Amino acid sequence: MKTLGHWLVSPWRRSAAAAVAGALPVLSFPAPSLWWCAYVALVPWLLLARTAPTGRRAVYDGWWGGFGFMLAMHHWLLPNLHVFTFVIAALLGALWAPWGLLVRRLLAGRPGRGRTAAALVVLPSGWLAAELVRSWQGLGGPWGMLGAGQWQVEGALRLASVGGVWLLSFLVVAVNVAVAVLVAVRRARVTAVAGLLAVAAVASAAWVWSPRPQTDDRVRVAVVQPGVIQGRDSGDRRFDREERLTRRLAGQDVDLVVWGESSVGFDLGRRPDLARRLAALSRATGAEILVNVDARRSDRPGIYKSSVLVGPGGPTGDRYDKMRLVPFGEYVPARSLLGWATSVGEAAGEDRRRGTRQVVMDLGEGLRIGPMVCFETAFPDMTRHLTEEGADLLVGQSATSTFQQSWAPEQHASLAALRAAETGRPMVHATLTGVSAVYGPAGERVGPWLGTGASTSRVYEVPLAHGTTPYVRLGAWPVYAALLVLAAFCGTEGLRALRLRRPAPAPRVPPARTVRGSPARPGR
């Protein structure tokens, strides 16, 4: 330990150690999917920050750890954004700088039971505050929230139905804090064990009392995944392949066919021939087809990404225009200032236009679907809103062909499990090139994934459910609770600082006495 402490005296070595420690939680996400790792992955980072010699150094430990976390989570952007990936990671990593200071304040030295108990609540709250800020769409959205690494754990999915991915992140951080205290603070181990028991009690209560989705019917949904198509005329050739794969579904009693993001590269108003071919496919399969048009619209200026429903008579009029665009991929924030990003990476040459509202599409016979496009499925508030508006089936249309050989496709597919569990509604994640996946209303996997090497169409028996989960009813209540905790902590710290600055009262001097024992009078 002394040798390690001596090695960490160098600021740059310490910063490198913080960055490596911050990257460890990413192992719980796909593709490694070591979900159990999340419950101890923050411990090295916590132990490092608590030993920071100064508050400034703790801030740096938090920042460098956040940088490592963001860089590891988004490393697959490097081939496209190049050096700008490091800039983004550094900017987002700064959100954890205050968290590093909180760690030092609550766990430095030999904290007693009071400070340890506060750490078990305040540090997870601080983490949620950082996740809340970075969840803003302009900062890249909530991709890689810590709790999302638990997408394959049944008990965690049940917790998600109560408090969303926010509750999972809070509890994962709380467990890490308790483990760090067990490792480093002997005098507070009883409090740490009590914290672990409290987390176990919360998980058990959710398992026993949270309502389970009540399945009442099934629908047959087909996913069409054409695979990678590159080169000249790729838009026409992709449509041809999607058409062939969809025709195979004839006679299979399908209720809905879903194509991936950017599956149609032409506006259907400008290409009525494609609209007629889609209508013919709908008649052949006996199902409506949800395509995604990525093109300059014929009825208004600009390029939109739109989910368009097509029936036997052509486009039905149901259309959803993507609202939350991918920074740099679909638009460049503050283009006048950051437009240079297009010269160092594959940033958008022209900004896509945004939609203005979410849409629930009625397919008839009581089936209503809520479409989303690409990384919108990372936003839990969007699926919650669609569920409140009456969606029976959530649909995400995606394309991750740019990152085909990275962890991104599997990470994206895993998000749908959480969205399904949070809302109690099944979700279909359909892509152009994989990974496509379908999940039931409890977040359970329905059928096999379609991997990045597949070019096929597949029918899934999707169970429908009714009822309202606590998360849909109450929203992101763990975030509000965390903000209240932080406000209370800051208020307490402010009062403490005021008390320390207040000068001590002057000692009272007893009055002088005469020889006779009576108090002396002034002037005598």
# chains A, B, ... in the order shown; residues from 1 in each chain; ligands from 1
call {"tool": "residues_around", "arguments": {"residues": "Ala180 in chain A", "least_positions_apart": "4", "cutoff": "12 Å", "atoms": "only C-alpha atoms", "output": "PyMOL selection string"}}
result
chain A and resi 39-50+103+107-108+116+119-120+173-176+184-186+188-189+191-193+195-196
call {"tool": "write_last_selection", "arguments": {"atoms": "C-alpha atoms", "output": "mmCIF file, in the first residue's frame"}}
result
data_model
loop_
_atom_site.group_PDB
_atom_site.id
_atom_site.type_symbol
_atom_site.label_atom_id
_atom_site.label_comp_id
_atom_site.auth_asym_id
_atom_site.auth_seq_id
_atom_site.Cartn_x
_atom_site.Cartn_y
_atom_site.Cartn_z
ATOM 1 C CA TYR A 39 -21.540 -3.783 -7.875
ATOM 2 C CA VAL A 40 -17.791 -3.490 -7.216
ATOM 3 C CA ALA A 41 -16.507 -1.624 -10.273
ATOM 4 C CA LEU A 42 -16.698 1.801 -8.599
ATOM 5 C CA VAL A 43 -14.733 0.704 -5.526
ATOM 6 C CA PRO A 44 -11.228 1.538 -6.905
ATOM 7 C CA TRP A 45 -12.442 4.979 -7.972
ATOM 8 C CA LEU A 46 -14.017 5.569 -4.549
ATOM 9 C CA LEU A 47 -10.883 4.453 -2.705
ATOM 10 C CA LEU A 48 -8.750 6.746 -4.837
ATOM 11 C CA ALA A 49 -10.926 9.839 -4.395
ATOM 12 C CA ARG A 50 -11.231 9.374 -0.622
ATOM 13 C CA VAL A 103 -16.406 11.249 -1.917
ATOM 14 C CA LEU A 107 -15.183 9.066 3.226
ATOM 15 C CA ALA A 108 -11.781 10.682 3.841
ATOM 16 C CA THR A 116 -20.769 6.673 6.492
ATOM 17 C CA ALA A 119 -22.279 8.625 2.208
ATOM 18 C CA LEU A 120 -24.610 5.696 1.481
ATOM 19 C CA VAL A 173 -23.729 3.096 -6.410
ATOM 20 C CA ALA A 174 -24.961 2.504 -2.856
ATOM 21 C CA VAL A 175 -23.642 -1.072 -2.947
ATOM 22 C CA ASN A 176 -20.267 0.156 -4.228
ATOM 23 C CA ALA A 184 -11.091 0.687 3.858
ATOM 24 C CA VAL A 185 -12.925 1.860 6.996
ATOM 25 C CA ARG A 186 -12.920 -0.753 9.719
ATOM 26 C CA ALA A 188 -17.765 1.857 10.025
ATOM 27 C CA ARG A 189 -18.225 -1.691 8.797
ATOM 28 C CA THR A 191 -22.989 0.780 9.020
ATOM 29 C CA ALA A 192 -21.804 -0.539 5.659
ATOM 30 C CA VAL A 193 -23.377 -3.938 6.317
ATOM 31 C CA GLY A 195 -26.514 -0.343 4.009
ATOM 32 C CA LEU A 196 -26.144 -3.591 2.084
#
call {"tool": "residues_around", "arguments": {"residues": "range 146-159 of chain A", "least_positions_apart": "2", "cutoff": "6 Å", "atoms": "only C-alpha atoms", "output": "short mmCIF file (atom, residue, chain, number, x, y, z; two decimals) with N, CA and C atoms, in the first residue's frame"}}
result
data_model
loop_
_atom_site.label_atom_id
_atom_site.label_comp_id
_atom_site.auth_asym_id
_atom_site.auth_seq_id
_atom_site.Cartn_x
_atom_site.Cartn_y
_atom_site.Cartn_z
N SER A 28 -19.76 -4.06 -17.28
CA SER A 28 -21.07 -4.64 -16.99
C SER A 28 -22.03 -4.51 -18.17
N PHE A 29 -21.66 -3.71 -19.18
CA PHE A 29 -22.52 -3.51 -20.35
C PHE A 29 -22.13 -4.48 -21.46
N TRP A 35 -22.60 -8.32 -15.65
CA TRP A 35 -23.51 -7.48 -14.88
C TRP A 35 -23.11 -7.39 -13.42
N SER A 161 -39.27 -1.40 -13.00
CA SER A 161 -40.70 -1.11 -13.12
C SER A 161 -41.18 -0.20 -12.00
N VAL A 162 -40.39 -0.11 -10.92
CA VAL A 162 -40.76 0.73 -9.78
C VAL A 162 -40.16 2.13 -9.91
N VAL A 165 -34.60 3.09 -14.65
CA VAL A 165 -33.16 2.86 -14.62
C VAL A 165 -32.51 3.73 -13.55
N LEU A 168 -32.10 1.81 -10.36
CA LEU A 168 -31.01 0.83 -10.48
C LEU A 168 -29.66 1.51 -10.29
N SER A 169 -29.46 2.67 -10.92
CA SER A 169 -28.19 3.39 -10.76
C SER A 169 -27.95 3.75 -9.30
N ALA A 206 -39.51 -4.90 -3.71
CA ALA A 206 -39.94 -4.70 -5.10
C ALA A 206 -40.33 -6.02 -5.74
N LEU A 418 -34.89 -2.68 -20.78
CA LEU A 418 -35.19 -1.76 -19.68
C LEU A 418 -36.45 -0.96 -19.96
N ALA A 421 -39.45 -3.18 -19.36
CA ALA A 421 -39.68 -3.43 -17.93
C ALA A 421 -40.21 -2.19 -17.22
#
call {"tool": "atom_distance", "arguments": {"atom1": "CA of Gly112 in chain A", "atom2": "CA of Leu483 in chain A"}}
result
24.1 Å
call {"tool": "closest_atom_pairs", "arguments": {"of": "range 163-264 of chain A", "to": "range 378-396 of chain A", "cutoff": "10 Å", "atoms": "only C-alpha atoms", "output": "Markdown table"}}
result
| residue | atom | partner | partner_atom | distance |
| --- | --- | --- | --- | --- |
| A:Gly164 | CA | A:Pro380 | CA | 7.5 |
| A:Val165 | CA | A:Pro380 | CA | 7.9 |
| A:Trp166 | CA | A:Pro380 | CA | 9.4 |
| A:Val219 | CA | A:Leu393 | CA | 9.5 |
| A:Val258 | CA | A:Val395 | CA | 8.3 |
| A:Trp259 | CA | A:Gly396 | CA | 9.8 |
| A:Gly260 | CA | A:Gly396 | CA | 8.1 |
| A:Glu261 | CA | A:Gly396 | CA | 8.4 |
call {"tool": "residues_around", "arguments": {"residues": "Leu95 in chain A", "least_positions_apart": "4", "cutoff": "12 Å", "atoms": "only C-alpha atoms", "output": "count of residues only"}}
result
29
call {"tool": "select_by_dssp", "arguments": {"residues": "range 154-386 of chain A", "states": "strand (DSSP E or B)", "output": "PDB file with C-alpha atoms, in the first residue's frame"}}
result
ATOM      1  CA  GLN A 214     -50.881  -8.965 -16.778  1.00  0.00           C
ATOM      2  CA  THR A 215     -50.595 -10.488 -20.242  1.00  0.00           C
ATOM      3  CA  ASP A 216     -53.910 -10.847 -22.047  1.00  0.00           C
ATOM      4  CA  ASP A 217     -53.194 -11.364 -25.749  1.00  0.00           C
ATOM      5  CA  ARG A 218     -50.451 -11.937 -28.294  1.00  0.00           C
ATOM      6  CA  VAL A 219     -49.571 -10.324 -31.602  1.00  0.00           C
ATOM      7  CA  ARG A 220     -47.338 -11.607 -34.362  1.00  0.00           C
ATOM      8  CA  VAL A 221     -44.705  -9.032 -35.263  1.00  0.00           C
ATOM      9  CA  ALA A 222     -42.195  -9.539 -38.056  1.00  0.00           C
ATOM     10  CA  VAL A 223     -38.784  -7.859 -38.059  1.00  0.00           C
ATOM     11  CA  VAL A 224     -37.064  -7.351 -41.409  1.00  0.00           C
ATOM     12  CA  GLN A 225     -33.275  -6.964 -41.174  1.00  0.00           C
ATOM     13  CA  LEU A 256     -47.281  -5.940 -38.115  1.00  0.00           C
ATOM     14  CA  VAL A 257     -44.065  -5.794 -40.138  1.00  0.00           C
ATOM     15  CA  VAL A 258     -41.266  -3.514 -38.906  1.00  0.00           C
ATOM     16  CA  TRP A 259     -38.355  -2.256 -40.995  1.00  0.00           C
ATOM     17  CA  VAL A 264     -36.363   3.798 -47.152  1.00  0.00           C
ATOM     18  CA  GLU A 288     -49.383  -3.003 -42.111  1.00  0.00           C
ATOM     19  CA  ILE A 289     -45.721  -2.140 -42.532  1.00  0.00           C
ATOM     20  CA  LEU A 290     -43.841   0.387 -40.404  1.00  0.00           C
ATOM     21  CA  VAL A 291     -40.956   1.760 -42.459  1.00  0.00           C
ATOM     22  CA  ASN A 292     -38.509   4.540 -41.697  1.00  0.00           C
ATOM     23  CA  VAL A 293     -37.961   7.250 -44.292  1.00  0.00           C
ATOM     24  CA  ASP A 294     -34.671   9.163 -44.187  1.00  0.00           C
ATOM     25  CA  ALA A 295     -34.948  11.767 -46.926  1.00  0.00           C
ATOM     26  CA  ARG A 296     -35.679  15.352 -47.845  1.00  0.00           C
ATOM     27  CA  ILE A 303     -34.334  16.242 -44.174  1.00  0.00           C
ATOM     28  CA  TYR A 304     -36.372  14.228 -41.662  1.00  0.00           C
ATOM     29  CA  LYS A 305     -36.153  10.742 -40.217  1.00  0.00           C
ATOM     30  CA  SER A 306     -39.732   9.549 -40.034  1.00  0.00           C
ATOM     31  CA  SER A 307     -41.595   6.402 -39.022  1.00  0.00           C
ATOM     32  CA  VAL A 308     -44.292   5.950 -41.679  1.00  0.00           C
ATOM     33  CA  LEU A 309     -47.111   3.402 -41.528  1.00  0.00           C
ATOM     34  CA  VAL A 310     -48.124   1.821 -44.830  1.00  0.00           C
ATOM     35  CA  GLY A 311     -51.286  -0.217 -45.363  1.00  0.00           C
ATOM     36  CA  GLY A 314     -50.525   2.996 -49.335  1.00  0.00           C
ATOM     37  CA  PRO A 315     -49.315   5.342 -46.573  1.00  0.00           C
ATOM     38  CA  THR A 316     -52.056   5.590 -43.939  1.00  0.00           C
ATOM     39  CA  GLY A 317     -51.165   9.148 -42.910  1.00  0.00           C
ATOM     40  CA  ASP A 318     -49.678   8.025 -39.579  1.00  0.00           C
ATOM     41  CA  ARG A 319     -46.219   9.549 -39.362  1.00  0.00           C
ATOM     42  CA  TYR A 320     -43.741  10.230 -36.579  1.00  0.00           C
ATOM     43  CA  ASP A 321     -40.817  12.586 -37.191  1.00  0.00           C
ATOM     44  CA  PRO A 327     -25.412  15.191 -31.729  1.00  0.00           C
ATOM     45  CA  TYR A 331     -26.837  17.601 -36.466  1.00  0.00           C
ATOM     46  CA  MET A 361     -50.470   4.870 -34.230  1.00  0.00           C
ATOM     47  CA  ASP A 362     -53.706   2.882 -34.236  1.00  0.00           C
ATOM     48  CA  LEU A 363     -53.464  -0.332 -36.253  1.00  0.00           C
ATOM     49  CA  GLY A 364     -57.056  -1.310 -35.587  1.00  0.00           C
ATOM     50  CA  LEU A 367     -53.576  -2.519 -31.203  1.00  0.00           C
ATOM     51  CA  ARG A 368     -51.753   0.810 -30.769  1.00  0.00           C
ATOM     52  CA  ILE A 369     -48.019   1.198 -31.327  1.00  0.00           C
ATOM     53  CA  GLY A 370     -45.587   3.878 -30.153  1.00  0.00           C
ATOM     54  CA  PRO A 371     -42.638   4.351 -32.553  1.00  0.00           C
ATOM     55  CA  MET A 372     -39.221   5.809 -31.748  1.00  0.00           C
ATOM     56  CA  VAL A 373     -36.131   6.209 -33.898  1.00  0.00           C
TER      57      VAL A 373
END
call {"tool": "closest_residue", "arguments": {"among": "A:Gly141, A:Gly443, A:Pro211, A:Gly227", "to": "Arg324 in chain A", "atoms": "only C-alpha atoms"}}
result
A:Gly141
call {"tool": "select_by_dssp", "arguments": {"residues": "range 155-269 of chain A", "states": "helix (DSSP H, G or I)", "output": "number ranges by chain"}}
result
A: 155-184, 186-209, 234-247
call {"tool": "closest_residue", "arguments": {"among": "A:Ala420, A:Ala18, A:Gly366, A:Val228", "to": "Val435 in chain A", "atoms": "only C-alpha atoms"}}
result
A:Val228
call {"tool": "atom_distance", "arguments": {"atom1": "CA of Gln230 in chain A", "atom2": "CA of Gly434 in chain A"}}
result
15.2 Å
call {"tool": "closest_residue", "arguments": {"among": "A:Asp273, A:Glu350, A:Asp267, A:Glu330", "to": "Arg300 in chain A", "atoms": "only C-alpha atoms"}}
result
A:Asp267
call {"tool": "closest_residue", "arguments": {"among": "A:Ala118, A:Leu415, A:Leu432, A:Val472", "to": "Gly144 in chain A", "atoms": "only C-alpha atoms"}}
result
A:Leu415
call {"tool": "residues_around", "arguments": {"residues": "Trp449 in chain A", "least_positions_apart": "4", "cutoff": "9 Å", "atoms": "only C-alpha atoms", "output": "PyMOL selection string"}}
result
chain A and resi 413+434-438+445
call {"tool": "closest_residue", "arguments": {"among": "A:Val479, A:Cys374, A:Ala399, A:Ala442", "to": "Ala465 in chain A", "atoms": "only C-alpha atoms"}}
result
A:Ala442
